[in-house]
file protein_25.cif (mmCIF, C-alpha atoms)
data_protein
loop_
_atom_site.label_atom_id
_atom_site.label_comp_id
_atom_site.auth_asym_id
_atom_site.auth_seq_id
_atom_site.Cartn_x
_atom_site.Cartn_y
_atom_site.Cartn_z
CA MET B 904 23.30 7.86 7.40
CA GLN B 905 20.10 6.89 5.59
CA LYS B 906 17.09 6.27 7.81
CA TYR B 907 14.75 3.45 6.75
CA TYR B 908 11.02 3.14 7.43
CA ASP B 909 8.57 0.33 6.66
CA TYR B 910 5.22 1.87 5.73
CA HIS B 911 3.20 -1.33 5.17
CA THR B 912 3.21 -3.75 8.11
CA HIS B 913 0.56 -6.00 9.64
CA SER B 914 0.39 -7.36 13.18
CA SER B 915 -2.07 -9.70 14.88
CA ILE B 916 -4.47 -6.73 14.97
CA SER B 917 -5.11 -7.68 11.33
CA PHE B 918 -7.14 -10.83 10.67
CA ASP B 919 -4.44 -12.40 8.47
CA SER B 920 -1.34 -11.91 10.62
CA ASN B 921 -0.17 -13.63 13.80
CA ILE B 922 2.77 -11.47 14.91
CA SER B 923 2.57 -9.00 17.76
CA ILE B 924 3.28 -5.30 17.47
CA TYR B 925 5.97 -5.78 20.13
CA ASN B 926 7.80 -8.52 18.20
CA THR B 927 7.60 -6.57 14.95
CA CYS B 928 9.15 -3.54 16.64
CA GLN B 929 11.86 -5.69 18.22
CA LEU B 930 12.83 -7.10 14.83
CA ALA B 931 12.76 -3.70 13.15
CA LEU B 932 15.11 -2.38 15.81
CA GLU B 933 17.46 -5.32 15.30
CA LYS B 934 17.51 -4.59 11.56
CA GLY B 935 18.38 -0.94 12.09
CA ALA B 936 15.03 0.60 11.18
CA ALA B 937 14.33 4.20 12.13
CA GLY B 938 10.62 3.47 12.31
CA LEU B 939 7.59 1.72 10.91
CA THR B 940 3.92 2.40 10.44
CA PHE B 941 1.37 -0.32 11.04
CA THR B 942 -1.28 -0.57 8.34
CA GLU B 943 -3.86 -2.93 9.82
CA HIS B 944 -6.58 -4.15 7.50
CA ALA B 945 -9.87 -2.29 7.28
CA MET B 946 -11.88 -4.21 4.71
CA LEU B 947 -15.41 -2.94 4.15
CA GLY B 948 -17.11 -4.89 1.40
CA ASN B 949 -20.55 -4.58 -0.10
CA ASP B 950 -21.98 -6.78 2.65
CA PRO B 951 -21.26 -5.33 6.14
CA ALA B 952 -21.68 -8.79 7.65
CA TYR B 953 -18.28 -9.71 6.22
CA ASP B 954 -16.35 -6.59 7.22
CA GLU B 955 -12.86 -7.12 8.64
CA LEU B 956 -12.01 -4.23 10.96
CA PRO B 957 -9.26 -3.79 13.55
CA ASP B 958 -10.03 -3.77 17.26
CA GLN B 959 -9.19 -0.11 17.71
CA THR B 960 -9.01 -0.26 21.51
CA ALA B 961 -6.51 -3.11 21.42
CA TYR B 962 -4.63 -1.45 18.56
CA GLU B 963 -4.20 1.84 20.40
CA HIS B 964 -3.23 0.07 23.65
CA GLU B 965 -0.55 -2.10 22.02
CA LEU B 966 0.87 0.77 20.02
CA LEU B 967 1.10 3.06 23.03
CA LYS B 968 2.93 0.30 24.91
CA ALA B 969 5.30 -0.25 22.00
CA ARG B 970 6.09 3.47 21.84
CA ALA B 971 7.07 3.31 25.50
CA ASP B 972 9.07 0.08 25.08
CA PHE B 973 10.88 1.25 21.91
CA PRO B 974 11.46 4.99 22.39
CA THR B 975 14.04 5.20 19.58
CA LEU B 976 11.59 3.87 16.96
CA GLU B 977 9.14 6.21 15.23
CA LEU B 978 5.88 4.25 15.24
CA GLY B 979 2.83 5.21 13.23
CA MET B 980 -0.79 4.10 13.59
CA GLY B 981 -2.28 3.45 10.19
CA LEU B 982 -4.76 1.47 8.18
CA GLU B 983 -4.69 -0.44 4.94
CA LEU B 984 -8.12 0.65 3.83
CA ASP B 985 -9.99 -1.10 1.04
CA ILE B 986 -11.16 1.44 -1.50
CA ASN B 987 -14.92 0.95 -1.70
CA PRO B 988 -16.93 4.02 -2.79
CA GLN B 989 -20.18 2.30 -1.82
CA ARG B 990 -19.18 2.34 1.88
CA ARG B 991 -18.08 5.98 2.00
CA LYS B 992 -20.15 6.96 5.07
CA ASP B 993 -18.96 3.96 7.10
CA ILE B 994 -15.36 4.68 6.13
CA GLU B 995 -15.66 8.36 7.04
CA LYS B 996 -16.95 7.31 10.46
CA LEU B 997 -14.04 4.89 10.92
CA LEU B 998 -11.49 7.55 10.02
CA LYS B 999 -12.87 9.90 12.67
CA GLU B 1000 -12.69 7.33 15.46
CA SER B 1001 -8.92 7.34 15.99
CA ALA B 1002 -5.94 9.64 15.47
CA TRP B 1003 -4.61 7.87 12.38
CA ASP B 1004 -1.17 8.77 11.08
CA PHE B 1005 -1.45 7.18 7.66
CA ILE B 1006 -4.11 5.67 5.39
CA LEU B 1007 -2.90 3.30 2.68
CA GLY B 1008 -5.61 2.84 0.07
CA SER B 1009 -5.77 -0.62 -1.50
CA VAL B 1010 -7.91 -2.44 -4.02
CA HIS B 1011 -8.22 -6.15 -3.28
CA GLU B 1012 -11.56 -6.54 -5.03
CA LEU B 1013 -12.98 -4.92 -8.13
CA PHE B 1014 -16.52 -4.27 -6.99
CA GLY B 1015 -17.82 -3.53 -10.47
CA CYS B 1016 -17.37 -7.21 -11.35
CA ASN B 1017 -17.34 -8.67 -7.81
CA LEU B 1018 -14.00 -10.37 -8.36
CA SER B 1019 -10.85 -10.48 -6.32
CA ALA B 1020 -8.01 -8.72 -8.08
CA TYR B 1021 -5.58 -11.60 -7.64
CA ASP B 1022 -7.25 -14.91 -6.77
CA GLY B 1023 -6.86 -16.36 -10.26
CA ASN B 1024 -10.40 -15.74 -11.50
CA PHE B 1025 -9.93 -12.22 -12.79
CA GLY B 1026 -9.44 -12.19 -16.54
CA SER B 1027 -9.39 -15.98 -16.77
CA ARG B 1028 -11.32 -15.89 -20.06
CA GLN B 1029 -9.42 -12.95 -21.52
CA SER B 1030 -6.05 -12.46 -23.10
CA ILE B 1031 -3.33 -11.20 -20.76
CA GLN B 1032 -3.40 -7.84 -22.54
CA ASP B 1033 -7.18 -7.42 -22.18
CA ALA B 1034 -7.16 -8.58 -18.58
CA TYR B 1035 -4.49 -6.04 -17.64
CA HIS B 1036 -6.44 -3.30 -19.39
CA ASN B 1037 -9.70 -4.18 -17.65
CA TYR B 1038 -7.97 -4.41 -14.30
CA PHE B 1039 -6.39 -0.97 -14.64
CA CYS B 1040 -9.71 0.50 -15.80
CA GLY B 1041 -11.48 -1.01 -12.78
CA LEU B 1042 -8.74 0.25 -10.47
CA TYR B 1043 -9.05 3.77 -11.90
CA GLU B 1044 -12.82 3.74 -11.55
CA GLN B 1045 -12.69 2.85 -7.84
CA VAL B 1046 -9.91 5.31 -7.05
CA HIS B 1047 -11.65 8.07 -9.02
CA LYS B 1048 -14.77 7.70 -6.86
CA PHE B 1049 -12.94 7.59 -3.53
CA ASP B 1050 -10.32 9.95 -2.14
CA ALA B 1051 -10.13 9.18 1.61
CA PHE B 1052 -6.57 7.83 1.60
CA ASP B 1053 -3.01 9.17 1.53
CA VAL B 1054 -1.12 6.71 -0.68
CA LEU B 1055 -2.24 4.06 -3.18
CA GLY B 1056 -0.89 0.62 -2.27
CA HIS B 1057 0.39 -2.14 -4.60
CA LEU B 1058 -0.97 -0.61 -7.80
CA ASP B 1059 -0.50 -3.80 -9.84
CA LEU B 1060 -1.66 -6.31 -7.22
CA ILE B 1061 -3.05 -8.47 -10.03
CA ARG B 1062 0.51 -9.66 -10.64
CA ARG B 1063 0.39 -11.83 -7.52
CA ASN B 1064 -1.70 -14.16 -9.65
CA ARG B 1065 0.93 -16.40 -11.27
CA ARG B 1066 -0.72 -16.04 -14.68
CA PHE B 1067 0.24 -12.36 -14.61
CA SER B 1068 3.46 -12.51 -12.58
CA ASP B 1069 5.04 -14.53 -15.37
CA THR B 1070 4.07 -11.86 -17.94
CA PRO B 1071 5.05 -8.32 -16.90
CA PHE B 1072 2.97 -5.62 -18.56
CA SER B 1073 4.44 -2.87 -20.69
CA TYR B 1074 3.51 0.61 -19.51
CA ASN B 1075 3.16 1.79 -23.11
CA ASP B 1076 0.45 -0.78 -23.76
CA HIS B 1077 -1.72 0.79 -21.04
CA ALA B 1078 -0.32 4.31 -20.97
CA GLU B 1079 -3.63 6.13 -21.37
CA ILE B 1080 -5.37 4.62 -18.34
CA LEU B 1081 -2.21 4.46 -16.19
CA ASP B 1082 -1.37 8.09 -16.95
CA ALA B 1083 -4.92 9.05 -15.97
CA LEU B 1084 -4.56 7.18 -12.67
CA LEU B 1085 -1.17 8.68 -11.81
CA LYS B 1086 -2.29 12.20 -12.76
CA LEU B 1087 -5.35 11.79 -10.55
CA LEU B 1088 -3.17 10.89 -7.56
CA ILE B 1089 -0.86 13.83 -8.23
CA GLN B 1090 -3.76 16.26 -8.65
CA ARG B 1091 -5.23 15.19 -5.30
CA GLY B 1092 -1.92 15.31 -3.44
CA GLN B 1093 -1.91 11.55 -2.92
CA GLY B 1094 1.07 9.28 -3.28
CA LEU B 1095 2.22 5.91 -4.58
CA GLU B 1096 3.61 2.94 -2.66
CA VAL B 1097 6.65 0.83 -3.50
CA ASN B 1098 5.61 -2.57 -2.16
CA THR B 1099 8.61 -4.87 -1.80
CA ALA B 1100 6.45 -7.99 -1.46
CA GLY B 1101 6.63 -8.31 -5.23
CA TRP B 1102 10.19 -9.52 -4.81
CA ARG B 1103 9.14 -11.75 -1.93
CA TYR B 1104 6.45 -13.39 -4.05
CA GLY B 1105 9.07 -14.39 -6.60
CA MET B 1106 8.60 -11.60 -9.11
CA SER B 1107 11.51 -9.70 -10.60
CA GLU B 1108 9.90 -6.38 -9.66
CA THR B 1109 8.20 -4.60 -6.79
CA HIS B 1110 4.58 -3.45 -6.90
CA PRO B 1111 4.60 -1.42 -9.09
CA SER B 1112 7.51 -1.78 -11.47
CA LEU B 1113 10.33 0.68 -12.02
CA GLN B 1114 8.76 1.86 -15.29
CA VAL B 1115 5.60 2.91 -13.43
CA LEU B 1116 7.62 4.72 -10.77
CA LYS B 1117 9.64 6.58 -13.40
CA ARG B 1118 6.48 7.67 -15.20
CA TYR B 1119 4.89 8.82 -11.94
CA ARG B 1120 7.98 10.95 -11.30
CA GLU B 1121 7.99 12.30 -14.89
CA LEU B 1122 4.39 13.42 -14.44
CA GLY B 1123 5.34 15.34 -11.30
CA GLY B 1124 4.68 12.75 -8.59
CA GLU B 1125 6.57 13.38 -5.37
CA ILE B 1126 4.80 11.48 -2.59
CA ILE B 1127 6.17 7.95 -2.30
CA THR B 1128 6.39 5.40 0.52
CA CYS B 1129 8.03 1.99 0.80
CA GLY B 1130 6.60 -1.02 2.61
CA SER B 1131 7.24 -4.73 3.04
CA ASP B 1132 3.55 -5.74 3.27
CA CYS B 1133 4.63 -8.19 5.97
CA HIS B 1134 2.20 -10.61 7.61
CA SER B 1135 4.82 -12.78 9.31
CA LEU B 1136 7.92 -12.09 11.33
CA ASN B 1137 10.34 -13.37 8.71
CA SER B 1138 9.17 -10.74 6.22
CA ALA B 1139 8.96 -7.74 8.58
CA PHE B 1140 11.03 -4.84 7.32
CA GLY B 1141 11.94 -6.98 4.33
CA LEU B 1142 13.85 -5.52 1.38
CA ILE B 1143 13.24 -1.91 2.39
CA ARG B 1144 16.84 -0.93 1.63
CA PRO B 1145 16.71 -2.12 -2.02
CA GLY B 1146 13.25 -0.54 -2.20
CA TYR B 1147 14.77 2.82 -1.32
CA GLU B 1148 17.47 2.25 -3.92
CA MET B 1149 14.80 1.69 -6.56
CA ILE B 1150 12.99 4.87 -5.51
CA LYS B 1151 16.27 6.71 -6.02
CA ALA B 1152 16.75 5.02 -9.41
CA ALA B 1153 13.30 6.21 -10.47
CA GLY B 1154 14.39 9.80 -10.03
CA PHE B 1155 13.12 10.65 -6.54
CA GLU B 1156 15.19 12.73 -4.15
CA TYR B 1157 12.87 12.20 -1.19
CA VAL B 1158 10.81 9.47 0.45
CA SER B 1159 7.57 10.37 2.23
CA LEU B 1160 6.73 10.00 5.93
CA PHE B 1161 3.36 10.66 7.60
CA THR B 1162 2.25 11.87 11.02
CA ASN B 1163 -1.39 12.75 11.73
CA ARG B 1164 -1.93 12.26 7.98
CA LYS B 1165 0.44 15.11 7.18
CA VAL B 1166 3.28 14.34 4.79
CA GLN B 1167 6.91 15.14 5.47
CA GLN B 1168 9.58 14.58 2.84
CA MET B 1169 12.83 12.94 3.97
CA LYS B 1170 15.93 13.40 1.82
CA LEU B 1171 17.30 10.20 0.31
CA GLU B 1172 20.96 9.84 1.29
CA ILE B 1173 21.81 6.72 -0.71
#
call {"tool": "encode", "arguments": {"input": "protein_25.cif", "output": "structure tokens"}}
result
Amino acid sequence: MQKYYDYHTHSSISFDSNISIYNTCQLALEKGAAGLTFTEHAMLGNDPAYDELPDQTAYEHELLKARADFPTLELGMGLELDINPQRRKDIEKLLKESAWDFILGSVHELFGCNLSAYDGNFGSRQSIQDAYHNYFCGLYEQVHKFDAFDVLGHLDLIRRNRRFSDTPFSYNDHAEILDALLKLLIQRGQGLEVNTAGWRYGMSETHPSLQVLKRYRELGGEIITCGSDCHSLNSAFGLIRPGYEMIKAAGFEYVSLFTNRKVQQMKLEI
């Protein structure tokens, strides 16, 4: 029987979620999950005064309790870490402070232009085509300068802006920069996330789309995780099963699991 894991979940340890680790685990168990990894926000911007960091003492305490309360669930302690090359030393310090299982690298802000990737302002004076291109170039630039993560989260986050969600991009239109990004991840031994929140936000696709996943596999990519990106109880462990089916459709035989930041490949049985 296929085991299912949610590798992108937020609890009240994150600033933008109000659900407890305990309740998230309880729901995952009810839905038949084999495990989940919490990826609490660690957002280090250019101004340290506005950093959003998890309370690591509370995080460790709640997770240890949940492991005792839910012994059949495999529970990981992770971070969703904002990729910011300018804060490298602070991030390196943070990563040494706890025994993290998994680091999901995310880009919520393109620091080169000081704009959020999805709040509606990015590319507002550009054509859709140019805005996509500039976004992918900015994403590549930040990822190229920063390697302290295991898997890249929601590659095309820009599509949560309705202007872009209504107009899916064609991989071929941006193949040069996207190929460079995917090859960089593969060369470093880093992976790609299938983020099922794309479906939840009303899009016809996950983050990223099936065409991106297929190209990543064609280029030799093997490390791939699946996460709901939940911030509320009604979306915890959401759409992970169809997410696994899409991973299979993209040509993958395995899905990736992490413990102590070491990857283990689990055979897909669907």
call {"tool": "closest_residue", "arguments": {"input": "protein_25.cif", "among": "B:Leu1042, B:Leu1142, B:Leu1136, B:Leu1058", "to": "Thr927 of chain B", "atoms": "only C-alpha atoms"}}
result
B:Leu1136
call {"tool": "closest_residue", "arguments": {"input": "protein_25.cif", "among": "B:Ser917, B:Thr960, B:Gln1093, B:Gln929", "to": "Phe1161 of chain B", "atoms": "all atoms listed in the file"}}
result
B:Gln1093
call {"tool": "residues_around", "arguments": {"input": "protein_25.cif", "residues": "Glu1121 of chain B", "least_positions_apart": "3", "cutoff": "10 Å", "atoms": "all atoms listed in the file", "output": "number ranges by chain"}}
result
B: 1115-1118, 1124-1125, 1153-1155
call {"tool": "resolve_selection", "arguments": {"input": "protein_25.cif", "expression": "the PyMOL selection byres ((chain B and resi 948-957) around 9)", "output": "VMD selection string"}}
result
chain B and resid 916 to 918 943 to 947 958 to 962 982 985 987 989 to 990 1012 1014
call {"tool": "residues_around", "arguments": {"input": "protein_25.cif", "residues": "Tyr1043 of chain B", "least_positions_apart": "2", "cutoff": "9 Å", "atoms": "all atoms listed in the file", "output": "PyMOL selection string"}}
result
chain B and resi 1038-1041+1045-1048+1080-1081+1083-1084+1087
call {"tool": "axis_aligned_box", "arguments": {"input": "protein_25.cif", "around": "segment 1035-1047 of chain B", "padding_each_side": "5 Å", "output": "JSON"}}
result
{"center_x": -8.7, "center_y": 1.0, "center_z": -13.2, "size_x": 18.3, "size_y": 24.1, "size_z": 22.3}
